[in-house]
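Visitor: Let me begin by handing over the structure; questions about it come next.
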Amino acid sequence: MRLKNGALSTIFFFPAGIFMLVFLVYPIFLLIRDSFYKIDIINPSLREFVGFANYTNSLTSERFLKALWNTVVYIGIAVGFEFILGLILALLLSNAFKGSQFIRTLLLSPLMLAPLVTGIIWKFMLNDQFGIINWGLYKLGILSDPHQILWLSDSRFALYSTIIADIWLTTPFIMLVLLAGIKGIPISLYESAEMDGANKWHRFRYITFPSLIPVATVALLIRIIDAARTFDIVWVLTQGGPGFSSELLSTYMYKTLTRYGEVGQSSAMAVIFIIILLVLSSFFITKMWSPRRRHS
Amino acid sequence: MKKKGIITVVSLLLVLSIFLSGCSGEKTGSSEAKGDNKTITVLVEGGSPAFKVAKETAAEFKEETGYTVKIESVPYTGVYDKLKAEVASQAGAFDVATIDILWFPALAGGLLPLEDLMTDDLKNDLFPGLVEGGSYQNKVYGMPVWTNAKNLIYRKDLFEEEKNKADFKAKYGYDLHPPTTWDEYRDAAKFFTRDTDNDGKVDMYGTTVFGANNGDAVASWLDHAAQAGAKPLVVGDNGKVLVNTKPYVDSLQFLVDLLKKDQSVPSGALEMASAETSELFWNGKSAMMLAWGHFYVPSNDPKQSKVAGKVGSAPMIGGGAGIGAVPGPWYQVIPSSSKKQEIAKEYLNFIYEKNELFMKSLGVAARKSVFESYSTQQGYEHLKPLMTTLSGPQTQNRPAIKEWQEIESEALIPAVQYALSGEKTPQEALDWAADVIKDLLPPQ
């Protein structure tokens, strides 16, 4: 029986396997191969073998390390805020009240936008001369001057401005996933807890939160990998400036490949990036599987 | 078992057929390009004057030569990307492309030399530096379609108002006129920066400073560096890095002073370039702008500008070494992989004959004769000053080196922004930039 199942699974895997081989494994192999050469995009045939030079150049280059640090900051703050906000919104919307369906749909609308469009919308809103954010803050009395904060052109704020746009765009996603998770918790748990005299906070801490952990882990993992790969929003808002303060790994790799034509260098950076993400996600996946086993 | 065998075979065949259909699709694509059908493919930036002129003249070209003009329009960076891909793959997908002068060093390796098109008659009718701008290592690769430079565009009504004239004379001691030197420019900018509705906030500025995160800001600063005596720009002929020498530091200091000392420009300079500056000017919130010459035309168009009819144009200001500006011409090129090179060359000459269509569509062109014949027409008053700017003693192109894009992105734009934000002094910022550039250039 086992052998037959094995053969059947292999046959079913075969088409997808070939697809993955051609469109995933082979290009990654090419990427890794290119990373050991110095290649100019205009004359790709003139390639020069440089061994690990591209890797050492990247890992010791201030620009690369700054971009890496910016990416870490971006992921940490963006995903952190998105998770907390998403959780709060999911909890609020999990109790049906009048208009909750409508509000839920409204809150989901940023999710429908392409990141590029989001970037353009926020670029206009954060503009210090014409933007609505500065004008609004000034009218509320928080700013003393309508053009005071240079959201996108002050190197102290640029990265955080891009994070704000990302939070606005993706909190609905976390909210949706967590809401689905909350809906999946059996009501009987809540009922028995209420009978035992648990208040709202206890119910959240001992029922809601632990039951959400598997769902939350998946959501966090997806979001972290997505946040690491953010490109459109940052590119449209600041292009990595001013003075590299909002440069993420993705924008730096893009510039190295397309503007400077250094194929080998950007390939090496991409490989380093993939390794980091693989390590991160395997950490998450192992953590996700072990609590499951404990619970069941 | 037999059933399982059939399933395996069928699924294998399905997978194979998917791949085969994918491959054959590509083959039919390339055979279409190879075919002897009479078309030439032209690559242009979407919405640009090149696009409009190509569309307008396609029917006439077909009548004259029998060749259909197929137009491919893409966004600005798309032109560079597609041409790079073309040069790398030699696929013959395009016969003609309209490109920015900055892209020549990167693309020259895959372009057709156009020496035979450069007759003396043709060269004499083009502005100085245009033919050179379309060359790389002394071979001509580009046919100019239009040239441009930054010019002074100002509010004629404000400069001619009697009260302003009297107040200015009283304050500065000389007659108010469109500035011709750095000091006059600073004075005029300071004079016109005012709070016009008495709410305690300045709402009208003298002019603007370009400090955005793109090449436009660098071009603006290099205009002033040229005016201060820089020649050649940024990198010397022998590969020596010049960017932290006196004219560059002085010109960057000039911009920093406008922003920080005089405060005669909007404080968000780091977000301003052509689009934001013209928007401000068209809303009546600035008295002058140093903008690309052709911006004069929409400034006087009531559909786009609230100050239409009140706008004048003057030559670019001069520094210690005279009038200087960095031209921004565009060219038509032929990839050497094109399979229709003779017809492509005919197309280039055809468009050259129609050069005045660019003047009508954009407000600038490449041929001196077109400039001269339009400069007397109403609505084209910017042409005479632009001609003066283009012929200025210090007007020169940016260096035609392969590393220019990287130098601009990694060293020059950040240096300008460090200085304008106050993070570094102009000397510190340019010393830093010089180090970065030295690393980027090949060893001398």
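Chain labels run A, B, ... following the order of the structure tokens; each chain numbers its residues from 1, and ligands are numbered from 1 in the order shown.
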Using only C-alpha atoms, what table do you get, as a tab-separated table, when you list each residue of chain A with an atom no more than 10 Å from chain B, its nearest pair of atoms, and their distance in Å rounded to one decimal, rows by chain then rising number?
Guide:
residue	atom	partner	partner_atom	distance
A:Ala7	CA	B:Lys4	CA	9.7
A:Leu8	CA	B:Lys4	CA	8.2
A:Ile11	CA	B:Thr8	CA	6.6
A:Phe12	CA	B:Ser11	CA	8.6
A:Phe14	CA	B:Leu12	CA	8.2
A:Pro15	CA	B:Val15	CA	6.0
A:Ala16	CA	B:Val15	CA	9.0
A:Ile18	CA	B:Val15	CA	8.2
A:Phe19	CA	B:Val15	CA	8.5
A:Ile41	CA	B:Ala88	CA	7.2
A:Ile42	CA	B:Ala88	CA	5.6
A:Asn43	CA	B:Ala88	CA	6.5
A:Pro44	CA	B:Ala88	CA	7.1
A:Ser45	CA	B:Ala88	CA	9.1
A:Arg63	CA	B:Glu410	CA	9.6
A:Asn127	CA	B:Glu271	CA	7.7
A:Asp128	CA	B:Gly268	CA	6.5
A:Gln129	CA	B:Gly268	CA	7.1
A:Phe130	CA	B:Glu276	CA	9.5
A:Asp145	CA	B:Lys201	CA	8.3
A:Pro146	CA	B:Lys201	CA	9.1
A:His147	CA	B:Gly268	CA	7.6
A:Gln148	CA	B:Ser267	CA	8.6
A:Ile149	CA	B:Gly268	CA	8.9
A:Leu150	CA	B:Gly268	CA	6.5
A:Trp151	CA	B:Glu271	CA	9.5
A:Leu152	CA	B:Glu271	CA	7.3
A:Ser153	CA	B:Leu270	CA	5.2
A:Asp154	CA	B:Ser421	CA	7.5
A:Ser155	CA	B:Ser421	CA	8.5
A:Thr238	CA	B:Asn213	CA	7.3
A:Gln239	CA	B:Asn213	CA	7.3
A:Gly240	CA	B:Asn213	CA	8.6
A:Gly241	CA	B:Asn213	CA	6.3
A:Pro242	CA	B:Asn213	CA	6.4
A:Gly243	CA	B:Pro414	CA	4.7
A:Phe244	CA	B:Pro414	CA	7.6
A:Lys255	CA	B:Glu406	CA	8.7
A:Thr256	CA	B:Glu406	CA	8.5
A:Thr258	CA	B:Asp81	CA	7.7
A:Arg259	CA	B:Gln405	CA	6.4
A:Tyr260	CA	B:Glu406	CA	5.5
A:Gly261	CA	B:Ala106	CA	8.9
Visitor: Quick one: residues within 9 Å of Thr245 of chain B, only C-alpha atoms, excluding same-chain residues fewer than 5 positions away - as a PyMOL selection string?
Guide: chain B and resi 230+250+427+430-431
Visitor: Quick one: everything within 6 Å of Thr395 of chain B, counting only C-alpha atoms, minus sequence neighbours fewer than 5 positions away in the same chain. Send it as number ranges by chain.
Guide: B: 324-326
Visitor: Let me see the file: selected residues, N, CA and C atoms, as an mmCIF file, in the first residue's frame.
Guide:
data_model
loop_
_atom_site.group_PDB
_atom_site.id
_atom_site.type_symbol
_atom_site.label_atom_id
_atom_site.label_comp_id
_atom_site.auth_asym_id
_atom_site.auth_seq_id
_atom_site.Cartn_x
_atom_site.Cartn_y
_atom_site.Cartn_z
ATOM 1 N N GLY B 324 26.528 79.765 -18.394
ATOM 2 C CA GLY B 324 26.814 78.356 -18.615
ATOM 3 C C GLY B 324 25.598 77.539 -18.261
ATOM 4 N N ALA B 325 25.416 76.452 -18.971
ATOM 5 C CA ALA B 325 24.304 75.553 -18.647
ATOM 6 C C ALA B 325 24.648 74.172 -19.158
ATOM 7 N N VAL B 326 23.932 73.193 -18.616
ATOM 8 C CA VAL B 326 24.118 71.815 -19.049
ATOM 9 C C VAL B 326 22.971 71.485 -19.993
#
Visitor: Enumerate, as a PyMOL selection string, the complete set of residues in segment 118-275 of chain B that a backbone-based DSSP assignment places in alpha helix (DSSP H).
Guide: chain B and resi 120-124+130-133+156-160+162-172+182-192+215-227+246-256+274-275
Visitor: Of the candidates A:Val263, A:Ile163, A:Val25, A:Leu179, which one gets nearest to Ser246 of chain A if we count only C-alpha atoms?
Guide: A:Ile163
Visitor: Taking into account only C-alpha atoms, which residue in the set A:Ser188, A:Ser35, A:Asn5, A:Ser109 is nearest to Thr171 of chain A?
Guide: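 Selected residue with least distance to Thr171 of chain A: A:Ser109.
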Visitor: Can you tell me which residues surround Thr118 of chain A at a distance of at most 12 Å, considering only C-alpha atoms, apart from same-chain residues fewer than 5 positions away, and format the answer as a PyMOL selection string?
Guide: chain A and resi 109-113+123-126+162-170+232-237
Visitor: Extract, using only C-alpha atoms, all DNA, RNA and protein residues at most 6 Å from segment 221-228 of chain B, discarding same-chain residues fewer than 5 positions from it, and format them as a list in words.
Guide: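 Final neighbour list, sorted by chain and number: Pro247, Tyr248, Ser251, Gly318, Gly319, Gly320, Ala321, Gly322, Ile323, Gly324, Ala325, Val326 and Gln394 of chain B.
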Visitor: For Gly134 of chain B, work out the shell of residues within 8 Å, counting only C-alpha atoms and skipping chain neighbours fewer than 3 positions away, then give it as a PyMOL selection string.
Guide: chain B and resi 101+104+130-131+140-144+331
Visitor: What's the 12 Å shell around Phe64 of chain A, counting only C-alpha atoms, without same-chain residues fewer than 5 positions away, as a list of chain:residue names?
Guide: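 Surrounding residues, per the criterion: A:Asn54, A:Tyr55, A:Thr56, A:Asn57, A:Ser58, A:Leu59, A:Trp69, A:Asn70, A:Thr71, A:Phe244, A:Glu247, A:Leu248, A:Leu249, A:Ser250, A:Thr251, A:Tyr252, A:Met253, A:Lys255, A:Thr256, A:Gln265, A:Ser266, A:Ala268, A:Met269, A:Ala270, A:Ile272, A:Phe273.
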